$ cat start_38.cif   # mmCIF, C-alpha atoms and all ligand atoms
data_input
#
loop_
_atom_site.label_atom_id
_atom_site.label_comp_id
_atom_site.auth_asym_id
_atom_site.auth_seq_id
_atom_site.Cartn_x
_atom_site.Cartn_y
_atom_site.Cartn_z
CA MET A 1 88.79 79.48 -39.42
CA HIS A 2 90.79 76.85 -37.55
CA PRO A 3 94.30 78.05 -36.82
CA ASP A 4 97.07 75.54 -37.46
CA MET A 5 98.16 74.20 -34.08
CA LYS A 6 100.74 71.77 -35.43
CA VAL A 7 104.32 72.44 -34.53
CA GLU A 8 107.59 71.23 -36.00
CA LEU A 9 110.05 71.10 -33.14
CA ALA A 10 113.66 70.21 -33.86
CA GLY A 11 112.54 67.53 -36.30
CA LEU A 12 109.58 66.27 -34.25
CA ALA A 13 106.13 66.71 -35.78
CA LEU A 14 103.72 67.60 -32.96
CA ARG A 15 99.94 67.60 -33.39
CA SER A 16 99.71 70.17 -30.57
CA PRO A 17 102.30 72.51 -29.01
CA LEU A 18 101.50 71.13 -25.53
CA ILE A 19 103.95 68.67 -23.99
CA VAL A 20 103.79 66.81 -20.68
CA ALA A 21 106.74 67.98 -18.56
CA SER A 22 109.16 65.49 -17.05
CA GLY A 23 108.48 63.92 -13.69
CA VAL A 24 105.05 65.03 -12.68
CA LEU A 25 103.52 61.69 -13.65
CA GLY A 26 106.35 59.71 -12.03
CA SER A 27 107.88 56.90 -14.05
CA SER A 28 104.59 55.03 -14.57
CA THR A 29 104.33 54.06 -18.22
CA GLY A 30 100.58 53.41 -17.69
CA LEU A 31 100.03 57.11 -16.98
CA ILE A 32 102.16 58.11 -19.96
CA LYS A 33 99.98 55.94 -22.19
CA ARG A 34 96.81 57.47 -20.77
CA VAL A 35 97.92 61.07 -21.18
CA SER A 36 99.11 60.33 -24.72
CA GLU A 37 95.52 59.45 -25.64
CA ASN A 38 94.46 63.06 -25.06
CA ASN A 39 94.36 64.73 -28.49
CA SER A 40 95.56 68.04 -27.08
CA VAL A 41 98.85 66.51 -25.95
CA GLY A 42 101.62 66.80 -28.56
CA ALA A 43 104.38 64.82 -26.86
CA VAL A 44 105.38 63.37 -23.51
CA VAL A 45 108.67 63.70 -21.64
CA THR A 46 109.41 60.76 -19.33
CA LYS A 47 110.50 61.04 -15.72
CA THR A 48 114.26 61.56 -15.68
CA VAL A 49 116.08 58.26 -15.70
CA THR A 50 119.56 58.00 -14.20
CA TYR A 51 122.48 55.63 -14.75
CA ASN A 52 121.97 53.77 -11.48
CA PRO A 53 118.58 53.05 -9.92
CA ARG A 54 117.56 55.57 -7.25
CA ASN A 55 115.12 55.09 -4.39
CA GLY A 56 114.46 58.78 -3.94
CA TYR A 57 114.30 60.56 -0.60
CA GLU A 58 112.25 59.79 2.46
CA ASN A 59 108.95 61.56 3.05
CA PRO A 60 108.03 64.34 3.15
CA THR A 61 109.14 64.89 -0.43
CA ALA A 62 106.55 67.39 -1.59
CA VAL A 63 104.45 70.22 -0.22
CA ASP A 64 101.73 72.29 -1.88
CA LEU A 65 102.39 75.92 -0.97
CA GLY A 66 99.26 77.20 -2.68
CA PHE A 67 101.23 79.30 -5.15
CA GLY A 68 103.30 76.31 -6.29
CA PHE A 69 104.83 73.03 -5.22
CA LEU A 70 108.06 72.47 -3.37
CA ASN A 71 109.45 69.01 -4.08
CA ALA A 72 112.54 66.96 -3.49
CA MET A 73 111.64 63.50 -4.70
CA GLY A 74 115.33 62.68 -5.25
CA LEU A 75 114.79 61.46 -8.82
CA PRO A 76 113.40 58.03 -7.91
CA ASN A 77 113.68 55.75 -10.94
CA PRO A 78 114.62 52.17 -11.79
CA GLY A 79 117.83 53.12 -13.63
CA TYR A 80 118.22 53.29 -17.39
CA LEU A 81 118.58 49.57 -18.10
CA ASP A 82 115.37 48.53 -16.36
CA TYR A 83 113.48 51.56 -17.67
CA LYS A 84 114.58 50.67 -21.18
CA ASN A 85 112.47 47.49 -21.04
CA GLU A 86 109.42 49.42 -19.84
CA LEU A 87 109.86 52.07 -22.53
CA ALA A 88 110.24 49.42 -25.23
CA GLU A 89 106.78 48.10 -24.33
CA LEU A 90 105.31 51.57 -24.14
CA ARG A 91 106.79 52.81 -27.42
CA ASP A 92 104.55 50.66 -29.61
CA LYS A 93 101.44 51.67 -27.69
CA ILE A 94 101.57 55.44 -28.04
CA GLU A 95 101.10 57.56 -31.14
CA ILE A 96 102.89 60.75 -30.14
CA PRO A 97 106.61 61.42 -29.73
CA LEU A 98 108.17 60.03 -26.57
CA ILE A 99 110.95 62.25 -25.29
CA VAL A 100 113.17 60.36 -22.88
CA SER A 101 114.65 62.47 -20.10
CA ILE A 102 118.12 61.39 -19.01
CA GLY A 103 120.13 62.62 -16.04
CA PRO A 104 123.74 61.49 -16.49
CA SER A 105 126.41 62.75 -14.09
CA ASN A 106 129.24 62.62 -16.63
CA SER A 107 130.01 62.07 -20.34
CA GLU A 108 130.59 58.34 -20.00
CA GLU A 109 127.21 57.76 -18.39
CA ALA A 110 125.56 59.96 -21.03
CA ALA A 111 127.10 57.91 -23.84
CA GLU A 112 126.05 54.56 -22.36
CA MET A 113 122.51 55.72 -21.62
CA VAL A 114 121.88 57.21 -25.02
CA LYS A 115 123.27 54.16 -26.83
CA ALA A 116 120.97 51.89 -24.83
CA LEU A 117 117.84 54.05 -25.04
CA ASN A 118 118.15 55.24 -28.65
CA ASP A 119 115.79 52.59 -30.04
CA VAL A 120 113.03 53.27 -27.51
CA SER A 121 112.92 57.05 -27.79
CA ASP A 122 111.90 59.66 -30.36
CA ALA A 123 114.05 62.35 -28.75
CA PHE A 124 116.11 62.99 -25.64
CA GLU A 125 115.88 65.70 -23.02
CA LEU A 126 119.12 66.10 -21.08
CA ASN A 127 118.24 67.03 -17.53
CA LEU A 128 121.26 68.81 -16.12
CA SER A 129 119.16 71.07 -13.95
CA CYS A 130 117.57 69.21 -11.02
CA PRO A 131 118.25 71.42 -7.97
CA HIS A 132 118.22 68.75 -5.25
CA THR A 133 120.38 65.78 -6.27
CA GLU A 134 124.05 65.35 -5.40
CA LYS A 135 126.50 64.89 -8.29
CA LEU A 136 123.64 65.13 -10.79
CA GLY A 137 121.48 67.85 -12.22
CA LEU A 138 122.42 71.33 -11.18
CA GLU A 139 125.79 70.27 -9.76
CA VAL A 140 126.69 69.44 -13.36
CA GLY A 141 124.43 71.85 -15.21
CA SER A 142 125.74 75.05 -13.65
CA ASP A 143 129.20 74.50 -15.14
CA PRO A 144 129.32 75.40 -18.86
CA GLU A 145 132.31 73.12 -19.52
CA LYS A 146 130.59 70.08 -17.98
CA VAL A 147 127.44 70.94 -19.94
CA ARG A 148 129.51 71.14 -23.11
CA SER A 149 131.22 67.79 -22.62
CA ILE A 150 128.09 65.87 -21.55
CA THR A 151 126.11 67.35 -24.42
CA ALA A 152 128.85 66.55 -26.94
CA SER A 153 129.04 62.98 -25.70
CA THR A 154 125.26 62.57 -25.91
CA ARG A 155 125.21 64.08 -29.39
CA LYS A 156 127.87 61.67 -30.58
CA TYR A 157 125.67 58.64 -29.96
CA THR A 158 122.27 59.79 -31.18
CA SER A 159 120.91 61.52 -34.24
CA LYS A 160 117.50 61.86 -32.54
CA PRO A 161 116.39 65.39 -31.59
CA LEU A 162 118.28 66.42 -28.47
CA PHE A 163 116.91 68.94 -25.95
CA ILE A 164 118.69 70.33 -22.93
CA LYS A 165 116.69 71.40 -19.92
CA VAL A 166 118.22 74.42 -18.26
CA SER A 167 118.05 75.63 -14.70
CA PRO A 168 117.00 79.05 -13.45
CA ASN A 169 119.44 78.60 -10.54
CA VAL A 170 122.44 80.04 -12.41
CA THR A 171 123.78 83.55 -12.84
CA ASP A 172 123.89 83.41 -16.64
CA VAL A 173 121.47 80.95 -18.20
CA VAL A 174 122.42 82.09 -21.72
CA GLU A 175 126.03 81.03 -21.14
CA ILE A 176 124.93 77.52 -20.15
CA ALA A 177 122.49 77.22 -23.05
CA ARG A 178 125.09 78.51 -25.50
CA ALA A 179 127.58 75.85 -24.41
CA ALA A 180 124.93 73.20 -25.07
CA VAL A 181 124.03 74.67 -28.47
CA GLU A 182 127.69 74.77 -29.49
CA ALA A 183 127.96 71.10 -28.47
CA GLY A 184 125.03 70.17 -30.70
CA VAL A 185 121.64 70.34 -28.94
CA ASP A 186 118.64 70.96 -31.19
CA ALA A 187 116.42 72.75 -28.67
CA ILE A 188 116.33 74.13 -25.15
CA THR A 189 113.71 73.46 -22.50
CA ALA A 190 113.39 76.32 -20.02
CA ILE A 191 112.99 75.96 -17.05
CA ASN A 192 113.45 73.37 -14.34
CA THR A 193 112.48 74.13 -10.72
CA LEU A 194 114.06 76.76 -8.46
CA LYS A 195 116.09 75.67 -5.44
CA SER A 196 114.08 76.65 -2.37
CA MET A 197 113.01 75.52 1.09
CA ALA A 198 110.18 75.82 3.58
CA ILE A 199 110.32 75.61 7.38
CA ASP A 200 107.60 74.15 9.58
CA VAL A 201 107.20 76.79 12.28
CA ASN A 202 105.63 74.38 14.76
CA ALA A 203 108.18 71.62 14.34
CA MET A 204 110.87 74.31 13.90
CA LYS A 205 112.65 72.40 11.17
CA PRO A 206 112.71 72.17 7.37
CA VAL A 207 109.55 70.67 5.88
CA LEU A 208 111.28 68.46 3.32
CA SER A 209 113.38 65.50 4.46
CA ASN A 210 116.05 66.69 2.04
CA THR A 211 115.89 70.27 3.46
CA TYR A 212 116.08 71.82 -0.03
CA GLY A 213 113.71 71.24 -2.89
CA GLY A 214 112.62 72.64 -6.22
CA LEU A 215 109.84 75.20 -6.51
CA SER A 216 107.45 74.79 -9.44
CA GLY A 217 104.02 76.07 -10.45
CA ARG A 218 102.47 79.53 -10.52
CA ALA A 219 105.20 81.25 -8.54
CA ILE A 220 107.90 80.53 -11.13
CA HIS A 221 105.97 81.51 -14.26
CA PRO A 222 107.37 85.06 -14.60
CA ILE A 223 110.89 83.64 -14.22
CA ALA A 224 110.21 81.17 -17.02
CA VAL A 225 108.92 84.00 -19.23
CA ARG A 226 112.04 86.07 -18.53
CA ILE A 227 114.40 83.20 -19.30
CA VAL A 228 112.63 82.17 -22.51
CA TYR A 229 112.76 85.83 -23.59
CA GLU A 230 116.49 86.07 -22.86
CA LEU A 231 117.29 82.81 -24.66
CA TYR A 232 115.28 83.88 -27.72
CA GLU A 233 117.18 87.18 -27.87
CA ALA A 234 120.57 85.49 -27.65
CA LEU A 235 120.35 82.17 -29.51
CA GLU A 236 118.89 80.82 -32.72
CA VAL A 237 117.51 77.54 -31.48
CA PRO A 238 113.95 76.40 -30.75
CA ILE A 239 112.86 76.88 -27.14
CA VAL A 240 110.32 74.88 -25.17
CA GLY A 241 108.76 77.03 -22.45
CA CYS A 242 108.05 75.40 -19.10
CA GLY A 243 107.11 76.82 -15.72
CA GLY A 244 103.80 77.66 -14.14
CA VAL A 245 101.58 77.09 -17.14
CA TYR A 246 98.04 76.76 -15.77
CA ASP A 247 95.95 78.25 -18.57
CA TRP A 248 96.05 79.46 -22.19
CA LYS A 249 97.29 82.91 -21.18
CA ASP A 250 100.36 81.46 -19.47
CA ALA A 251 101.07 79.43 -22.61
CA ILE A 252 100.61 82.40 -24.96
CA GLU A 253 102.92 84.53 -22.81
CA LEU A 254 105.73 81.98 -23.18
CA ILE A 255 105.11 81.69 -26.94
CA LEU A 256 105.21 85.46 -27.38
CA ALA A 257 108.47 85.42 -25.39
CA GLY A 258 109.91 82.96 -27.91
CA ALA A 259 108.79 79.42 -27.09
CA SER A 260 107.86 77.12 -29.99
CA ALA A 261 106.14 74.65 -27.68
CA ILE A 262 105.00 74.49 -24.06
CA GLN A 263 105.44 71.98 -21.27
CA VAL A 264 102.87 71.63 -18.54
CA GLY A 265 103.90 70.15 -15.18
CA SER A 266 102.50 71.07 -11.75
CA ALA A 267 99.12 72.20 -13.07
CA ILE A 268 98.38 68.59 -14.08
CA ALA A 269 97.98 67.81 -10.39
CA TYR A 270 94.93 70.09 -10.20
CA SER A 271 93.36 68.78 -13.38
CA ASN A 272 90.78 66.07 -13.69
CA ASP A 273 91.74 63.44 -16.26
CA PHE A 274 94.30 65.70 -18.00
CA LYS A 275 91.52 68.09 -19.09
CA ILE A 276 93.93 70.98 -18.60
CA PHE A 277 95.49 70.18 -21.98
CA ASN A 278 92.12 70.51 -23.76
CA ASP A 279 91.38 73.78 -21.95
CA ILE A 280 94.76 75.31 -22.77
CA GLU A 281 94.61 74.22 -26.42
CA LYS A 282 91.11 75.64 -26.83
CA GLY A 283 92.15 78.94 -25.22
CA VAL A 284 95.19 79.23 -27.48
CA ASN A 285 93.05 78.41 -30.50
CA ASP A 286 90.45 81.08 -29.57
CA TYR A 287 93.18 83.65 -28.98
CA LEU A 288 94.63 83.02 -32.46
CA VAL A 289 91.16 83.30 -34.02
CA ASN A 290 90.41 86.55 -32.16
CA LYS A 291 93.73 88.06 -33.17
CA GLY A 292 93.41 86.83 -36.78
CA PHE A 293 96.45 84.55 -36.84
CA GLY A 294 96.26 81.45 -39.05
CA SER A 295 98.96 79.50 -37.26
CA ILE A 296 100.58 79.32 -33.88
CA LYS A 297 103.95 79.64 -35.64
CA ASN A 298 103.08 83.25 -36.52
CA ILE A 299 103.19 84.44 -32.92
CA ILE A 300 106.42 82.81 -31.70
CA GLY A 301 108.65 85.53 -30.28
CA LEU A 302 106.31 88.32 -31.30
CA ALA A 303 106.85 90.21 -28.04
CA HIS A 304 110.39 90.99 -29.25
CA LYS A 305 109.18 92.94 -32.24
CA CYS A 306 107.05 95.42 -30.34
C1 LIG B 401 106.85 66.29 -8.57
C2 LIG B 401 107.77 66.81 -9.63
C3 LIG B 401 108.73 65.96 -10.20
C4 LIG B 401 109.58 66.43 -11.18
N1 LIG B 401 110.50 65.58 -11.74
C5 LIG B 401 111.30 66.01 -12.75
C6 LIG B 401 112.20 65.12 -13.40
O1 LIG B 401 112.28 63.92 -13.11
N2 LIG B 401 112.98 65.63 -14.39
C7 LIG B 401 112.92 66.94 -14.80
O2 LIG B 401 113.64 67.34 -15.71
N3 LIG B 401 112.04 67.80 -14.21
C8 LIG B 401 111.25 67.36 -13.20
N4 LIG B 401 110.35 68.22 -12.63
C9 LIG B 401 110.31 69.62 -13.10
C10 LIG B 401 109.20 69.82 -14.14
O3 LIG B 401 109.40 69.03 -15.29
C11 LIG B 401 109.16 71.31 -14.57
O4 LIG B 401 110.37 71.67 -15.17
C12 LIG B 401 108.92 72.24 -13.41
O5 LIG B 401 108.04 71.67 -12.47
C13 LIG B 401 108.35 73.59 -13.87
O6 LIG B 401 107.14 73.41 -14.56
P1 LIG B 401 105.70 73.56 -13.82
O7 LIG B 401 105.72 74.86 -13.09
O8 LIG B 401 104.70 73.50 -14.94
O9 LIG B 401 105.59 72.39 -12.90
C14 LIG B 401 109.49 67.78 -11.62
C15 LIG B 401 108.52 68.62 -11.06
C16 LIG B 401 107.66 68.17 -10.08
C17 LIG B 401 106.63 69.12 -9.51
#

$ encode --input "start_38.cif" --output "structure tokens"
Amino acid sequence: MHPDMKVELAGLALRSPLIVASGVLGSSTGLIKRVSENNSVGAVVTKTVTYNPRNGYENPTAVDLGFGFLNAMGLPNPGYLDYKNELAELRDKIEIPLIVSIGPSNSEEAAEMVKALNDVSDAFELNLSCPHTEKLGLEVGSDPEKVRSITASTRKYTSKPLFIKVSPNVTDVVEIARAAVEAGVDAITAINTLKSMAIDVNAMKPVLSNTYGGLSGRAIHPIAVRIVYELYEALEVPIVGCGGVYDWKDAIELILAGASAIQVGSAIAYSNDFKIFNDIEKGVNDYLVNKGFGSIKNIIGLAHKC
């Protein structure tokens, strides 16, 4: 028996539930093309693109803590107009859905970006959750009213599937997600990185040039599981689980908590030639066979019924 691993996610038909998380591959369209050729990858989210080009922060911008990464890249990207040209070229070369991540700082920027990028994307992921950029990301995404207005403005200009990526750095993540759902998002991606910092004890100063960064990887996995579980309890909208997925067990945990699909980020850095996607897909497949489930859909949110 081969369990059905195909997923229908907010109107996107995915050949696999595994999605490349935003940012880890940078904005290189060459890498996006390469990862899309892996049959275990269902979709790719681009690096977040902003209204204006951004250089990013000075080094050091990332540190491997062993149990996860701490990064403050500063959302380096060429800005939405330049990136549009790159994405237009890429779009014809890849066979899986391309989810374009946008990081507007207000409703007007959101409207302009979505209008311009609509033809080169299969879906949008609204990143209102980056923990280390001024006037962007979390500064916007921790206020339910700003989330509501930016989401509504994005929704107005695209009929493509619209995801919002939420932050764990808020008191009530359900309140933020609910505002986005009421304003028309089709799915929620949970979670972005956690605001954190590290100090170099020899230099006696913060490790990152930006002082604060976002923690990702193994350390945040239980937080992602908790948030996916809470969102599934409270809202009737598909959830994409993201945070510390390194193997099939991490993925299954998020699916049992309520995720319909899974994003993999930091773990890609440890994987040779994106093999991690094949390993996770095989592990999920074997788990379904062993448990006697014919489709991955049958186990979404199952931990709530026990
Ligand atoms: C180096 C790096 C860059 C990232 N850039 C982005 C980004 O541009 N946009 C975004 O929404 N998330 C970004 N993220 C967050 C990831 O997409 C993901 O939400 C987070 O790392 C948790 O997943 P993980 O533990 O599998 O890495 C970045 C993460 C890392 C490690």

$ residues_near_ligand --input "start_38.cif" --ligand "ligand LIG 401 (chain B)" --cutoff "8 Å" --atoms "all atoms listed in the file" --output "MDAnalysis selection string"
chainID A and resid 21:26 46:49 62 68:73 75:76 101 103 125:130 165 190:193 214:221 242:246 263:267

$ atom_distance --input "start_38.cif" --atom1 "CA of Asn59 (chain A)" --atom2 "CA of Val44 (chain A)"
26.9 Å

$ atom_distance --input "start_38.cif" --atom1 "CA of Ile94 (chain A)" --atom2 "CA of Leu12 (chain A)"
14.8 Å

$ atom_distance --input "start_38.cif" --atom1 "CA of Met113 (chain A)" --atom2 "CA of Val181 (chain A)"
20.2 Å

$ closest_residue --input "start_38.cif" --among "A:Val207, A:Ala88, A:Tyr229, A:Ile262" --to "Leu65 (chain A)" --atoms "all atoms listed in the file"
A:Val207

$ residues_near_point --input "start_38.cif" --point "(125.6, 76.8, -22.5)" --cutoff "12 Å" --atoms "only C-alpha atoms" --output "CSV table (one decimal) with C-alpha atoms, in the coordinates of the input"
chain,number,residue,atom,x,y,z
A,128,LEU,CA,121.3,68.8,-16.1
A,140,VAL,CA,126.7,69.4,-13.4
A,141,GLY,CA,124.4,71.8,-15.2
A,142,SER,CA,125.7,75.0,-13.6
A,143,ASP,CA,129.2,74.5,-15.1
A,144,PRO,CA,129.3,75.4,-18.9
A,145,GLU,CA,132.3,73.1,-19.5
A,146,LYS,CA,130.6,70.1,-18.0
A,147,VAL,CA,127.4,70.9,-19.9
A,148,ARG,CA,129.5,71.1,-23.1
A,149,SER,CA,131.2,67.8,-22.6
A,150,ILE,CA,128.1,65.9,-21.6
A,151,THR,CA,126.1,67.4,-24.4
A,152,ALA,CA,128.8,66.6,-26.9
A,164,ILE,CA,118.7,70.3,-22.9
A,165,LYS,CA,116.7,71.4,-19.9
A,166,VAL,CA,118.2,74.4,-18.3
A,167,SER,CA,118.0,75.6,-14.7
A,170,VAL,CA,122.4,80.0,-12.4
A,171,THR,CA,123.8,83.6,-12.8
A,172,ASP,CA,123.9,83.4,-16.6
A,173,VAL,CA,121.5,81.0,-18.2
A,174,VAL,CA,122.4,82.1,-21.7
A,175,GLU,CA,126.0,81.0,-21.1
A,176,ILE,CA,124.9,77.5,-20.2
A,177,ALA,CA,122.5,77.2,-23.0
A,178,ARG,CA,125.1,78.5,-25.5
A,179,ALA,CA,127.6,75.8,-24.4
A,180,ALA,CA,124.9,73.2,-25.1
A,181,VAL,CA,124.0,74.7,-28.5
A,182,GLU,CA,127.7,74.8,-29.5
A,183,ALA,CA,128.0,71.1,-28.5
A,184,GLY,CA,125.0,70.2,-30.7
A,185,VAL,CA,121.6,70.3,-28.9
A,187,ALA,CA,116.4,72.8,-28.7
A,188,ILE,CA,116.3,74.1,-25.2
A,231,LEU,CA,117.3,82.8,-24.7
A,234,ALA,CA,120.6,85.5,-27.6
A,235,LEU,CA,120.4,82.2,-29.5

$ closest_residue --input "start_38.cif" --among "A:Leu90, A:Ala111, A:Leu18, A:Val63" --to "Trp248 (chain A)" --atoms "all atoms listed in the file"
A:Leu18

$ residues_near_point --input "start_38.cif" --point "(98.5, 67.6, -6.1)" --cutoff "8 Å" --atoms "all atoms listed in the file" --output "ChimeraX atom specification"
/A:64,266,269-270

$ residues_around --input "start_38.cif" --residues "Ile19 (chain A)" --least-positions-apart "3" --cutoff "12 Å" --atoms "all atoms listed in the file" --output "ChimeraX atom specification"
/A:7,9,12,14-16,22,24,32,35-36,38-46,96-99,189,240-242,245,251,260-265,268,274,276-278,280-281

$ axis_aligned_box --input "start_38.cif" --around "region 203-210 of chain A" --padding-each-side "8 Å" --output "AutoDock Vina command-line options"
--center_x 112.1 --center_y 69.9 --center_z 8.2 --size_x 23.9 --size_y 24.8 --size_z 28.3

$ closest_residue --input "start_38.cif" --among "A:Ser121, A:Asn77, A:Ser107, A:Asn169" --to "Lys156 (chain A)" --atoms "only C-alpha atoms"
A:Ser107

$ residues_around --input "start_38.cif" --residues "His2 (chain A)" --least-positions-apart "5" --cutoff "10 Å" --atoms "all atoms listed in the file" --output "ChimeraX atom specification"
/A:285-286,288-289,293-295

$ residues_around --input "start_38.cif" --residues "Leu302 (chain A)" --least-positions-apart "6" --cutoff "10 Å" --atoms "all atoms listed in the file" --output "compact mmCIF listing (two decimals) with C-alpha atoms, keeping the file's coordinate frame"
# COMPACT_ATOMS: atom_id res chain seq x y z
CA GLU A 253 102.92 84.53 -22.81
CA ILE A 255 105.11 81.69 -26.94
CA LEU A 256 105.21 85.46 -27.38
CA ALA A 257 108.47 85.42 -25.39
CA GLY A 258 109.91 82.96 -27.91

$ closest_residue --input "start_38.cif" --among "A:Gly56, A:Val100, A:Leu117, A:Val228" --to "Val20 (chain A)" --atoms "only C-alpha atoms"
A:Val100

$ build_atoms --input "start_38.cif" --residues "region 76-91 of chain A" --atoms "N, CA and C atoms" --output "mmCIF file, keeping the file's coordinate frame"
data_model
loop_
_atom_site.group_PDB
_atom_site.id
_atom_site.type_symbol
_atom_site.label_atom_id
_atom_site.label_comp_id
_atom_site.auth_asym_id
_atom_site.auth_seq_id
_atom_site.Cartn_x
_atom_site.Cartn_y
_atom_site.Cartn_z
ATOM 1 N N PRO A 76 113.581 59.481 -7.996
ATOM 2 C CA PRO A 76 113.400 58.030 -7.910
ATOM 3 C C PRO A 76 113.150 57.443 -9.294
ATOM 4 N N ASN A 77 113.891 56.408 -9.649
ATOM 5 C CA ASN A 77 113.680 55.750 -10.940
ATOM 6 C C ASN A 77 114.423 54.416 -10.937
ATOM 7 N N PRO A 78 114.021 53.515 -11.825
ATOM 8 C CA PRO A 78 114.620 52.170 -11.790
ATOM 9 C C PRO A 78 116.002 52.060 -12.436
ATOM 10 N N GLY A 79 116.557 53.187 -12.907
ATOM 11 C CA GLY A 79 117.830 53.120 -13.630
ATOM 12 C C GLY A 79 117.563 52.854 -15.108
ATOM 13 N N TYR A 80 118.526 53.267 -15.948
ATOM 14 C CA TYR A 80 118.220 53.290 -17.390
ATOM 15 C C TYR A 80 118.031 51.894 -17.987
ATOM 16 N N LEU A 81 118.699 50.888 -17.468
ATOM 17 C CA LEU A 81 118.580 49.570 -18.100
ATOM 18 C C LEU A 81 117.200 48.957 -17.873
ATOM 19 N N ASP A 82 116.718 49.054 -16.634
ATOM 20 C CA ASP A 82 115.370 48.530 -16.360
ATOM 21 C C ASP A 82 114.304 49.360 -17.080
ATOM 22 N N TYR A 83 114.497 50.687 -17.056
ATOM 23 C CA TYR A 83 113.480 51.560 -17.670
ATOM 24 C C TYR A 83 113.418 51.317 -19.179
ATOM 25 N N LYS A 84 114.545 50.937 -19.743
ATOM 26 C CA LYS A 84 114.580 50.670 -21.180
ATOM 27 C C LYS A 84 113.530 49.609 -21.556
ATOM 28 N N ASN A 85 113.440 48.558 -20.749
ATOM 29 C CA ASN A 85 112.470 47.490 -21.040
ATOM 30 C C ASN A 85 111.042 48.016 -20.977
ATOM 31 N N GLU A 86 110.778 48.863 -19.960
ATOM 32 C CA GLU A 86 109.420 49.420 -19.840
ATOM 33 C C GLU A 86 109.108 50.324 -21.027
ATOM 34 N N LEU A 87 110.094 51.134 -21.419
ATOM 35 C CA LEU A 87 109.860 52.070 -22.530
ATOM 36 C C LEU A 87 109.666 51.323 -23.847
ATOM 37 N N ALA A 88 110.368 50.194 -23.994
ATOM 38 C CA ALA A 88 110.240 49.420 -25.230
ATOM 39 C C ALA A 88 108.782 48.957 -25.395
ATOM 40 N N GLU A 89 108.193 48.524 -24.276
ATOM 41 C CA GLU A 89 106.780 48.100 -24.330
ATOM 42 C C GLU A 89 105.852 49.260 -24.622
ATOM 43 N N LEU A 90 106.159 50.393 -23.993
ATOM 44 C CA LEU A 90 105.310 51.570 -24.140
ATOM 45 C C LEU A 90 105.362 52.133 -25.560
ATOM 46 N N ARG A 91 106.554 52.131 -26.132
ATOM 47 C CA ARG A 91 106.790 52.810 -27.420
ATOM 48 C C ARG A 91 105.779 52.411 -28.497
#
